[in-house]
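Taking it in order: structure first as structure tokens, then the write-up.
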Amino acid sequence: MATGRTHRPATRSRGIPEATVARLPLYLRALTALSERSVPTVSSEELAAAAGVNSAKLRKDFSYLGSYGTRGVGYDVEYLVYQISRELGLTQDWPVAIVGIGNLGAALANYGGFASRGFRVAALIDADPAMAGTPVAGIAVQHTDDLDRIISDNGVSIGVITTPPGAAQQVCDRLVAAGVTSILNFAPTVLSVPDGVDVRKVDLSIELQILAFHEQRKAGEEAAAEGTAAVDAGMEQAPPVRATPAGRKGPDGDMPAVMPA
């Protein structure tokens, strides 16, 4: 099997838009679930619903892959799994190094889904000397002093940063200097990288803040709906009014148009 250092995905050379590339993993996840249930074919509408996109966008995305399905039949599930996996570079072996073996780094190292998706955790690296030699997920943690050698020896081109934010940029710089060209950043900070280096950011706090916004909006809508219902109920229960008999004045000598019954 080829290694990640000498092979790159073909998506850019084929002119596939970045937005389409970002959706390909969603399609692959849905297709893999269908494949595991031995579903042979799937319509664009069914696959789009499973991936959370509209069917027109899905068909446009697949047109970049040269896959148009068969009218009345749909798409061949196994072929699409292979086709998307090939475009994403998942038919190759991608050695990955995780830097920062705290709780999150250790959890990622123990995640069993990497291997089945074309990724191999090749190295675990941490700045704490006490961590050196400690096995995590069956891999001995190595010290950051040896980062350059570790990256070179394992042919790593993808680095995962799970350090505290203050150390993330320095780690990023060292990874890039060692030859890493793709970085997945879990540290809550923005990294600066040179041209030719790709960074994907995963910030759990931002995602939670977005969810908090939606929760607050839903709560506001519910409160507004309850207020409207209360007003409507109050109007239904208000006592009727009647006109003041002709010639009858109010206590101030004015003649109100209406007064309570």
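Quick note on naming: the chains in the structure tokens go A, B, ... in the order shown, residues restart at 1 in each chain, and ligands are numbered from 1 in order of appearance.
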
(Q) Show me, as a ChimeraX atom specification, the residues that have an atom within 9 Å of region 115-130 of chain A when counting only C-alpha atoms, minus same-chain residues fewer than 2 positions from it. (A) /A:85,89-102,105-106,109,112-113,132-134,136,139-147,150-151,154-156,163

Q: Based on DSSP run over this structure's backbone, return all residues of region 26-242 of chain A in helix (DSSP H, G or I), as a ChimeraX atom specification.
A: /A:26-36,44-51,55-64,77-87,103-109,115-117,129-131,144-154,165-177,204-237

I need the residues from that last selection saved to file as a CSV table (one decimal), in the first residue's frame (with C-alpha atoms), if you can.
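Saved file again.csv follows:
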```csv
chain,number,residue,atom,x,y,z
A,26,LEU,CA,-20.7,13.1,4.3
A,27,TYR,CA,-21.7,11.1,1.3
A,28,LEU,CA,-19.0,8.5,2.1
A,29,ARG,CA,-20.3,8.1,5.7
A,30,ALA,CA,-23.9,7.6,4.4
A,31,LEU,CA,-22.8,5.2,1.7
A,32,THR,CA,-20.7,3.1,4.1
A,33,ALA,CA,-23.7,2.7,6.3
A,34,LEU,CA,-25.7,1.5,3.3
A,35,SER,CA,-22.9,-0.9,2.3
A,36,GLU,CA,-22.8,-2.4,5.8
A,44,SER,CA,-30.0,10.6,-5.2
A,45,GLU,CA,-33.0,11.6,-3.1
A,46,GLU,CA,-32.4,8.8,-0.5
A,47,LEU,CA,-28.6,9.4,-0.4
A,48,ALA,CA,-29.1,13.2,-0.1
A,49,ALA,CA,-31.5,12.8,2.8
A,50,ALA,CA,-29.0,10.5,4.6
A,51,ALA,CA,-26.2,13.0,4.0
A,55,SER,CA,-30.6,16.0,-4.1
A,56,ALA,CA,-29.8,18.7,-6.8
A,57,LYS,CA,-26.5,19.6,-4.9
A,58,LEU,CA,-25.6,15.9,-4.6
A,59,ARG,CA,-26.1,15.3,-8.3
A,60,LYS,CA,-23.9,18.3,-9.1
A,61,ASP,CA,-21.2,17.1,-6.7
A,62,PHE,CA,-21.2,13.6,-8.2
A,63,SER,CA,-20.9,15.1,-11.7
A,64,TYR,CA,-17.4,16.3,-10.8
A,77,VAL,CA,-23.3,1.9,-3.5
A,78,GLU,CA,-20.0,-0.1,-3.6
A,79,TYR,CA,-18.7,1.8,-6.7
A,80,LEU,CA,-19.5,5.2,-5.1
A,81,VAL,CA,-17.7,4.1,-1.9
A,82,TYR,CA,-14.6,3.2,-3.9
A,83,GLN,CA,-14.9,6.3,-6.1
A,84,ILE,CA,-15.2,8.8,-3.2
A,85,SER,CA,-12.6,7.0,-1.2
A,86,ARG,CA,-10.2,7.3,-4.1
A,87,GLU,CA,-10.9,11.0,-4.6
A,103,ASN,CA,-7.0,13.7,27.6
A,104,LEU,CA,-8.0,14.7,24.1
A,105,GLY,CA,-4.9,13.4,22.4
A,106,ALA,CA,-5.1,10.1,24.2
A,107,ALA,CA,-8.8,9.8,23.3
A,108,LEU,CA,-7.9,10.4,19.6
A,109,ALA,CA,-5.1,7.8,19.8
A,115,ALA,CA,-7.6,2.6,10.5
A,116,SER,CA,-10.8,1.7,8.6
A,117,ARG,CA,-10.8,5.1,6.9
A,129,PRO,CA,9.5,14.2,29.8
A,130,ALA,CA,7.5,12.1,32.2
A,131,MET,CA,5.3,10.9,29.3
A,144,THR,CA,9.0,16.7,21.2
A,145,ASP,CA,12.8,17.1,21.2
A,146,ASP,CA,12.8,14.2,18.6
A,147,LEU,CA,9.9,15.6,16.5
A,148,ASP,CA,11.9,16.1,13.3
A,149,ARG,CA,13.3,12.5,13.4
A,150,ILE,CA,9.9,11.1,14.3
A,151,ILE,CA,8.2,12.8,11.4
A,152,SER,CA,10.9,11.7,9.0
A,153,ASP,CA,11.1,8.1,10.2
A,154,ASN,CA,7.4,7.5,10.0
A,165,PRO,CA,-3.4,27.1,22.7
A,166,GLY,CA,-0.1,28.7,23.9
A,167,ALA,CA,2.0,25.9,22.5
A,168,ALA,CA,0.0,25.3,19.3
A,169,GLN,CA,1.8,27.7,16.9
A,170,GLN,CA,5.3,26.6,18.0
A,171,VAL,CA,4.3,22.9,17.4
A,172,CYS,CA,2.7,23.9,14.1
A,173,ASP,CA,6.0,25.6,13.0
A,174,ARG,CA,8.0,22.6,14.0
A,175,LEU,CA,5.7,20.2,12.1
A,176,VAL,CA,5.8,22.3,9.0
A,177,ALA,CA,9.6,22.6,9.2
A,204,LEU,CA,-15.5,22.3,20.2
A,205,SER,CA,-16.1,25.5,22.2
A,206,ILE,CA,-17.2,27.4,19.1
A,207,GLU,CA,-19.6,24.6,18.1
A,208,LEU,CA,-21.1,24.7,21.6
A,209,GLN,CA,-21.5,28.4,21.4
A,210,ILE,CA,-23.4,28.1,18.1
A,211,LEU,CA,-25.6,25.5,19.8
A,212,ALA,CA,-26.2,27.9,22.7
A,213,PHE,CA,-27.2,30.6,20.3
A,214,HIS,CA,-29.8,28.3,18.8
A,215,GLU,CA,-31.0,27.2,22.2
A,216,GLN,CA,-31.4,30.8,23.3
A,217,ARG,CA,-33.3,31.7,20.1
A,218,LYS,CA,-35.7,28.7,20.6
A,219,ALA,CA,-36.3,29.7,24.2
A,220,GLY,CA,-37.1,33.3,23.1
A,221,GLU,CA,-39.5,32.0,20.4
A,222,GLU,CA,-41.2,29.7,23.0
A,223,ALA,CA,-41.5,32.6,25.4
A,224,ALA,CA,-43.0,34.9,22.7
A,225,ALA,CA,-45.4,32.2,21.8
A,226,GLU,CA,-46.5,31.7,25.4
A,227,GLY,CA,-46.9,35.5,25.8
A,228,THR,CA,-49.1,35.6,22.6
A,229,ALA,CA,-51.2,32.8,23.9
A,230,ALA,CA,-51.7,34.5,27.3
A,231,VAL,CA,-52.8,37.7,25.6
A,232,ASP,CA,-55.2,35.8,23.4
A,233,ALA,CA,-56.6,34.0,26.5
A,234,GLY,CA,-57.0,37.3,28.3
A,235,MET,CA,-58.9,38.8,25.4
A,236,GLU,CA,-61.3,35.9,25.4
A,237,GLN,CA,-62.0,36.3,29.1
```

Q: Name the residues in contact with Val160 (chain A) at a cut-off of 6 Å, using only C-alpha atoms, excluding same-chain residues fewer than 4 positions from it; report them as a VMD selection string.
A: chain A and resid 98 183 to 185

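With CA of Asp203 (chain A) on one side and CA of Ser157 (chain A) on the other, the separation reads 21.7 Å.
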
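Closest approach to Ala178 (chain A) among A:Ile158, A:Ile16, A:Val73, A:Val42: A:Ile158, based on only C-alpha atoms.
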
**Q.** Contacts of Val197 (chain A) at 10 Å (only C-alpha atoms; same-chain gap of 5+ positions) as a ChimeraX atom specification
**A.** /A:176,179-183,192

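The space separating CA of Leu88 (chain A) from CA of Gly138 (chain A) comes to 27.6 Å.
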
**Q.** strand (DSSP E) call set, DSSP backbone run, region 85-244 of chain A, as a PyMOL selection string
**A.** chain A and resi 94-99+119-126+135-136+139-143+158-161+182-185+198-201+241-243

Q. Just how far from CA of Leu24 (chain A) is CA of Pro188 (chain A), in Å to one decimal?
A. 25.7 Å
